[in-house]
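Worksheet for the structure shown next.
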Amino acid sequence: MKNGLEDVIAAETQLSDVDGAAGRLIIRGVSLDNLVYNGTFESVAALLLDRLVECPVDRDQLKTLLGAARKDLFAYVANVDPAIIALPPVDALRAMIAQLPDGEDFDAALRLMAATAVFLPAILRLQANKIPVAPDETLSQSADILRMHSDRMPSPDQVAALDAYLVTISDHGLNASTFASRVIASTRAGLTSSVVAAISALKGPLHGGAPGPVLDMFDAIGSAENAERWIINALDGGERLMGFGHRVYRVRDPRADALKQALRRLTASGEVDRHRIDLAEAIEGAALAILKQRKPHRPLDVNVEFYTALLLDALGFPREAFTGVFAIGRTVGWIAHAREQALNGRLIRPRSVYIGPLPQAA
Ligand code: ACO
């Protein structure tokens, strides 16, 4: 048995390759660096879904279809149960997604991608006692998410920063939530069921639930001079440093640098306080030195969640919503994997070793 299925190969995929030794991520033959500088949500979605659903490969066509789908899905917002809005944002998102019909085709995929984008901003506004903002179907997915959340037209730099984030986190090998999506798909349950299961896996603090706590850490540390003392205390108390470590990467997570670049561009345009990046760099430096000393047997470096926290904060999302924003970007990866599994895979059904008591002899 391999605890945590570490290094177990459970699927063949053409979608993404995570090279943990080299710190490299490839999505459908394109390296993350290239994808993130030229890409938008629509372009990476078209790339990931190509030939897995009858997907228009043209990103402009996808933009139009997503806009229309967002507009249709806004009807769900008007009828949302107040008990759902009382839940934490990612739980509310999961509950709203669970209301959508299951399906395997392009319409089902489109509906799920559009639904995450419409539902999360609406949930956040309702939780803040504000009226939800209706989608603008002429906008790109990223521009509309920002507008539906803030009720202001975002700047081109803000849209580019959210696109960089959504592209960066669109797919990442057989992580826990993607595996959950594939397990459900292997039973032929449908794409909504896969996405609901994947959101459930994503929300845990060891996976997509980390960036909120990363921001809590930044706030608790407060200044560069406090970093070392705070980190030592946290580790002495048996805590893990959120935003550090990864099951596959033994070097720096390349997504961390892609997001750091996006944050720098936002800073250059005057939309982020430069001191936030300075503090992040000081915390990163102190943490890496201390982790190296404390865990010499296990290379631990920065992961995607570290700079996610700063980027989503700079874009105006509250920290409780970070995991939900992650779900907006990762939904397309979950759908692509679910389709790949349904088309090429078998029922996923591993075995366990029984270590419990045996029946008493009569
Ligand atoms: N801080 C301190 N120590 C750590 C950390 C950390 N962030 N991560 C791992 N370690 C230590 C463990 O304590 C353990 O030490 P030991 O061998 O002395 O007991 C050793 O490194 C190995 O830890 P595992 O739990 O076996 O590593 P695993 O591969 O299961 O964990 C994980 C990967 C869950 C990401 C882990 O590094 C972690 O908890 N990180 C913090 C949470 C986080 O940032 N999650 C986001 C991940 S990225 C994503 O999912 C989108």
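By order of appearance in the structure tokens: chains A, B, ..., then residues from 1 within every chain, and ligands from 1 in the order shown.
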| request: Give as a PyMOL selection string the residues surrounding ligand 1 up to a distance of 9 Å, considering only C-alpha atoms and all ligand atoms. | output: chain A and resi 4+6+169+172+175-177+202+204-211+214+235+238-249+253+287+291+294-306+326
| query | Which neighbours of region 13-24 of chain A fall inside 9 Å, counting only C-alpha atoms, when residues of the same chain fewer than 3 positions from it are skipped, and could you give them as a ChimeraX atom specification? | reply | /A:27-29,31-32,48,171-174,246-255,333,336-337,340-341
Generate the output file for the selected residues, N, CA, C and O atoms, as a CSV table (one decimal), in the first residue's frame.
chain,number,residue,atom,x,y,z
A,27,ILE,N,0.6,22.5,-19.9
A,27,ILE,CA,-0.8,22.3,-20.1
A,27,ILE,C,-1.1,22.1,-21.6
A,27,ILE,O,-0.8,23.0,-22.4
A,28,ARG,N,-1.5,20.9,-22.0
A,28,ARG,CA,-1.7,20.5,-23.4
A,28,ARG,C,-0.6,21.0,-24.3
A,28,ARG,O,-0.9,21.6,-25.3
A,29,GLY,N,0.6,20.7,-23.9
A,29,GLY,CA,1.7,20.9,-24.8
A,29,GLY,C,2.3,22.3,-24.7
A,29,GLY,O,3.3,22.7,-25.4
A,31,SER,N,3.9,25.4,-22.3
A,31,SER,CA,4.4,25.6,-20.9
A,31,SER,C,3.6,26.8,-20.2
A,31,SER,O,3.1,27.7,-20.9
A,32,LEU,N,3.6,26.7,-18.9
A,32,LEU,CA,2.8,27.6,-18.2
A,32,LEU,C,3.2,29.1,-18.5
A,32,LEU,O,2.4,30.0,-18.7
A,48,LEU,N,-8.1,23.3,-23.1
A,48,LEU,CA,-8.3,22.1,-22.3
A,48,LEU,C,-9.5,21.2,-22.8
A,48,LEU,O,-9.4,20.0,-22.7
A,171,ASP,N,-5.4,23.8,-14.5
A,171,ASP,CA,-5.2,22.4,-14.4
A,171,ASP,C,-3.9,22.1,-13.8
A,171,ASP,O,-2.9,22.8,-14.0
A,172,HIS,N,-3.8,20.9,-13.1
A,172,HIS,CA,-2.5,20.6,-12.5
A,172,HIS,C,-2.4,19.1,-12.1
A,172,HIS,O,-2.4,18.7,-11.0
A,173,GLY,N,-2.4,18.3,-13.2
A,173,GLY,CA,-2.2,16.9,-13.0
A,173,GLY,C,-3.3,16.2,-12.1
A,173,GLY,O,-4.4,16.7,-12.0
A,174,LEU,N,-2.9,15.2,-11.4
A,174,LEU,CA,-3.9,14.4,-10.6
A,174,LEU,C,-3.9,14.8,-9.1
A,174,LEU,O,-3.7,14.0,-8.3
A,246,HIS,N,4.6,20.8,-1.0
A,246,HIS,CA,3.8,20.2,-2.1
A,246,HIS,C,4.1,18.7,-2.2
A,246,HIS,O,5.2,18.3,-2.0
A,247,ARG,N,3.0,18.0,-2.6
A,247,ARG,CA,3.2,16.5,-2.7
A,247,ARG,C,4.2,16.2,-3.9
A,247,ARG,O,5.0,15.3,-3.8
A,248,VAL,N,4.1,16.9,-5.0
A,248,VAL,CA,4.9,16.6,-6.2
A,248,VAL,C,6.1,17.5,-6.3
A,248,VAL,O,7.2,17.0,-6.6
A,249,TYR,N,6.0,18.8,-6.1
A,249,TYR,CA,7.2,19.6,-6.3
A,249,TYR,C,8.2,19.5,-5.2
A,249,TYR,O,7.9,19.5,-4.1
A,250,ARG,N,9.4,19.3,-5.7
A,250,ARG,CA,10.5,19.3,-4.7
A,250,ARG,C,11.4,20.6,-4.9
A,250,ARG,O,12.4,20.8,-4.2
A,251,VAL,N,10.9,21.4,-5.8
A,251,VAL,CA,11.5,22.7,-6.0
A,251,VAL,C,10.3,23.7,-6.0
A,251,VAL,O,9.2,23.3,-5.7
A,252,ARG,N,10.7,24.9,-6.3
A,252,ARG,CA,9.6,26.0,-6.3
A,252,ARG,C,8.5,25.7,-7.3
A,252,ARG,O,8.7,25.2,-8.4
A,253,ASP,N,7.3,25.9,-6.8
A,253,ASP,CA,6.1,25.7,-7.7
A,253,ASP,C,6.1,26.8,-8.7
A,253,ASP,O,6.1,28.0,-8.4
A,254,PRO,N,6.1,26.4,-10.0
A,254,PRO,CA,6.2,27.4,-11.1
A,254,PRO,C,5.0,28.4,-11.1
A,254,PRO,O,5.1,29.5,-11.5
A,255,ARG,N,3.9,27.9,-10.5
A,255,ARG,CA,2.7,28.8,-10.5
A,255,ARG,C,2.9,29.9,-9.6
A,255,ARG,O,2.4,31.0,-9.7
A,333,GLY,N,-10.6,22.5,-15.6
A,333,GLY,CA,-9.7,21.3,-15.5
A,333,GLY,C,-10.5,20.1,-15.0
A,333,GLY,O,-10.3,19.0,-15.5
A,336,ALA,N,-12.5,18.8,-17.9
A,336,ALA,CA,-11.7,18.1,-19.0
A,336,ALA,C,-11.2,16.8,-18.5
A,336,ALA,O,-11.3,15.8,-19.2
A,337,HIS,N,-10.8,16.7,-17.2
A,337,HIS,CA,-10.4,15.4,-16.7
A,337,HIS,C,-11.6,14.4,-16.6
A,337,HIS,O,-11.4,13.2,-16.9
A,340,GLU,N,-12.2,13.1,-20.1
A,340,GLU,CA,-11.1,12.2,-20.5
A,340,GLU,C,-11.3,10.9,-19.8
A,340,GLU,O,-11.2,9.8,-20.5
A,341,GLN,N,-11.7,10.9,-18.5
A,341,GLN,CA,-11.9,9.7,-17.8
A,341,GLN,C,-13.1,8.9,-18.4
A,341,GLN,O,-13.0,7.7,-18.6
Rows by chain and residue number, region 75-169 of chain A within 12 Å of region 260-277 of chain A, shortest pair, only C-alpha atoms, as JSON lines:
{"residue": "A:Pro154", "atom": "CA", "partner": "A:Glu271", "partner_atom": "CA", "distance": 11.2}
{"residue": "A:Ser155", "atom": "CA", "partner": "A:Glu271", "partner_atom": "CA", "distance": 9.5}
{"residue": "A:Pro156", "atom": "CA", "partner": "A:Leu266", "partner_atom": "CA", "distance": 10.0}
{"residue": "A:Asp157", "atom": "CA", "partner": "A:Leu266", "partner_atom": "CA", "distance": 6.2}
{"residue": "A:Gln158", "atom": "CA", "partner": "A:Leu266", "partner_atom": "CA", "distance": 7.0}
{"residue": "A:Val159", "atom": "CA", "partner": "A:Leu266", "partner_atom": "CA", "distance": 10.0}
{"residue": "A:Ala160", "atom": "CA", "partner": "A:Ala262", "partner_atom": "CA", "distance": 8.1}
{"residue": "A:Ala161", "atom": "CA", "partner": "A:Ala262", "partner_atom": "CA", "distance": 5.6}
{"residue": "A:Leu162", "atom": "CA", "partner": "A:Ala262", "partner_atom": "CA", "distance": 8.7}
{"residue": "A:Asp163", "atom": "CA", "partner": "A:Ala262", "partner_atom": "CA", "distance": 9.4}
{"residue": "A:Ala164", "atom": "CA", "partner": "A:Ala262", "partner_atom": "CA", "distance": 6.5}
{"residue": "A:Tyr165", "atom": "CA", "partner": "A:Ala262", "partner_atom": "CA", "distance": 7.9}
{"residue": "A:Leu166", "atom": "CA", "partner": "A:Ala262", "partner_atom": "CA", "distance": 11.4}
{"residue": "A:Val167", "atom": "CA", "partner": "A:Ala262", "partner_atom": "CA", "distance": 11.4}
{"residue": "A:Thr168", "atom": "CA", "partner": "A:Ala262", "partner_atom": "CA", "distance": 10.3}
| message | List the spatial neighbours of region 102-110 of chain A as an NGL selection string - criterion: any atom at most 6 Å away, only C-alpha atoms, same-chain residues fewer than 2 positions off excluded. | response | :A and (53-54 or 112-113 or 190-192)
| said: At a cut-off of 9 Å, using only C-alpha atoms, what residues contact region 83-85 of chain A? Leave out same-chain residues fewer than 3 positions from it and give the result as JSON, numbers by chain. | reply: {"A": [80, 88, 89, 91, 92, 93, 95, 96, 123, 124, 126, 127]}
| message | Just to confirm, what's the straight-line distance from CA of Arg182 (chain A) to CA of Met1 (chain A) in Å (one decimal)? | response | 20.8 Å
| If you count only C-alpha atoms, which residues fall within 12 Å of Lys63 (chain A), apart from same-chain ones fewer than 4 positions away, as a ChimeraX atom specification? | /A:40-46,55-59,67-70,110,113-114,136-144
Would you save the residues from that selection as a tab-separated table (two decimals), in the first residue's frame, using N, CA, C and O atoms?
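Contents of the output file again_27.tsv:
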chain	number	residue	atom	x	y	z
A	40	THR	N	-6.01	33.89	-21.77
A	40	THR	CA	-7.18	34.37	-21.02
A	40	THR	C	-7.92	33.13	-20.54
A	40	THR	O	-7.60	32.01	-20.98
A	41	PHE	N	-8.91	33.32	-19.69
A	41	PHE	CA	-9.70	32.18	-19.26
A	41	PHE	C	-10.25	31.43	-20.48
A	41	PHE	O	-10.20	30.20	-20.55
A	42	GLU	N	-10.76	32.20	-21.45
A	42	GLU	CA	-11.41	31.57	-22.61
A	42	GLU	C	-10.38	30.76	-23.41
A	42	GLU	O	-10.70	29.67	-23.91
A	43	SER	N	-9.16	31.27	-23.55
A	43	SER	CA	-8.19	30.55	-24.39
A	43	SER	C	-7.75	29.24	-23.71
A	43	SER	O	-7.62	28.22	-24.36
A	44	VAL	N	-7.56	29.28	-22.39
A	44	VAL	CA	-7.13	28.04	-21.73
A	44	VAL	C	-8.30	27.04	-21.68
A	44	VAL	O	-8.10	25.82	-21.78
A	45	ALA	N	-9.52	27.55	-21.54
A	45	ALA	CA	-10.68	26.66	-21.54
A	45	ALA	C	-10.82	25.96	-22.89
A	45	ALA	O	-11.06	24.75	-22.96
A	46	ALA	N	-10.65	26.73	-23.97
A	46	ALA	CA	-10.75	26.13	-25.31
A	46	ALA	C	-9.65	25.07	-25.49
A	46	ALA	O	-9.89	24.00	-26.05
A	55	CYS	N	-16.41	21.23	-28.49
A	55	CYS	CA	-16.11	22.56	-28.00
A	55	CYS	C	-15.66	23.46	-29.13
A	55	CYS	O	-14.80	23.06	-29.92
A	56	PRO	N	-16.19	24.66	-29.24
A	56	PRO	CA	-15.64	25.58	-30.23
A	56	PRO	C	-14.20	25.91	-29.84
A	56	PRO	O	-13.98	26.42	-28.75
A	57	VAL	N	-13.23	25.58	-30.68
A	57	VAL	CA	-11.83	25.81	-30.30
A	57	VAL	C	-11.49	27.29	-30.38
A	57	VAL	O	-10.47	27.72	-29.87
A	58	ASP	N	-12.34	28.05	-31.03
A	58	ASP	CA	-12.10	29.46	-31.19
A	58	ASP	C	-12.47	30.17	-29.88
A	58	ASP	O	-13.60	30.07	-29.41
A	59	ARG	N	-11.49	30.89	-29.30
A	59	ARG	CA	-11.76	31.45	-27.98
A	59	ARG	C	-12.80	32.58	-28.03
A	59	ARG	O	-13.49	32.82	-27.05
A	67	GLY	N	-20.71	34.14	-22.21
A	67	GLY	CA	-21.48	35.34	-21.84
A	67	GLY	C	-22.97	35.03	-21.81
A	67	GLY	O	-23.68	35.37	-20.84
A	68	ALA	N	-23.45	34.35	-22.84
A	68	ALA	CA	-24.88	34.01	-22.90
A	68	ALA	C	-25.25	33.04	-21.77
A	68	ALA	O	-26.32	33.17	-21.14
A	69	ALA	N	-24.36	32.10	-21.49
A	69	ALA	CA	-24.64	31.12	-20.42
A	69	ALA	C	-24.68	31.83	-19.06
A	69	ALA	O	-25.55	31.54	-18.22
A	70	ARG	N	-23.78	32.80	-18.84
A	70	ARG	CA	-23.80	33.53	-17.57
A	70	ARG	C	-25.15	34.25	-17.40
A	70	ARG	O	-25.73	34.25	-16.32
A	110	LEU	N	-20.34	24.12	-20.39
A	110	LEU	CA	-20.50	25.58	-20.47
A	110	LEU	C	-21.27	26.10	-19.25
A	110	LEU	O	-20.90	27.10	-18.63
A	113	MET	N	-19.03	26.08	-16.12
A	113	MET	CA	-18.01	27.15	-16.12
A	113	MET	C	-18.66	28.51	-15.87
A	113	MET	O	-18.15	29.33	-15.11
A	114	ALA	N	-19.81	28.74	-16.51
A	114	ALA	CA	-20.50	30.02	-16.34
A	114	ALA	C	-21.10	30.13	-14.93
A	114	ALA	O	-21.09	31.21	-14.33
A	136	ASP	N	-22.88	40.77	-17.63
A	136	ASP	CA	-22.84	41.52	-18.90
A	136	ASP	C	-22.24	40.56	-19.92
A	136	ASP	O	-21.05	40.27	-19.90
A	137	GLU	N	-23.09	40.06	-20.79
A	137	GLU	CA	-22.65	38.98	-21.69
A	137	GLU	C	-21.61	39.43	-22.71
A	137	GLU	O	-20.97	38.61	-23.35
A	138	THR	N	-21.42	40.73	-22.86
A	138	THR	CA	-20.43	41.19	-23.85
A	138	THR	C	-19.01	41.13	-23.29
A	138	THR	O	-18.04	41.25	-24.03
A	139	LEU	N	-18.89	40.96	-21.97
A	139	LEU	CA	-17.54	40.98	-21.35
A	139	LEU	C	-16.90	39.60	-21.36
A	139	LEU	O	-17.58	38.58	-21.51
A	140	SER	N	-15.59	39.59	-21.13
A	140	SER	CA	-14.91	38.31	-20.95
A	140	SER	C	-15.29	37.77	-19.58
A	140	SER	O	-15.79	38.50	-18.71
A	141	GLN	N	-15.02	36.49	-19.38
A	141	GLN	CA	-15.36	35.86	-18.09
A	141	GLN	C	-14.67	36.61	-16.94
A	141	GLN	O	-15.30	36.95	-15.94
A	142	SER	N	-13.38	36.92	-17.08
A	142	SER	CA	-12.65	37.58	-15.98
A	142	SER	C	-13.20	38.97	-15.70
A	142	SER	O	-13.40	39.36	-14.54
A	143	ALA	N	-13.42	39.74	-16.77
A	143	ALA	CA	-13.92	41.11	-16.58
A	143	ALA	C	-15.29	41.07	-15.90
A	143	ALA	O	-15.57	41.86	-14.99
A	144	ASP	N	-16.11	40.12	-16.31
A	144	ASP	CA	-17.47	40.07	-15.75
A	144	ASP	C	-17.46	39.60	-14.29
A	144	ASP	O	-18.24	40.10	-13.48
| note | Using only C-alpha atoms, the shortest atom-to-atom distance to Ala201 (chain A) among A:Leu65, A:Val90, A:Ile283, A:Ile131 belongs to A:Val90
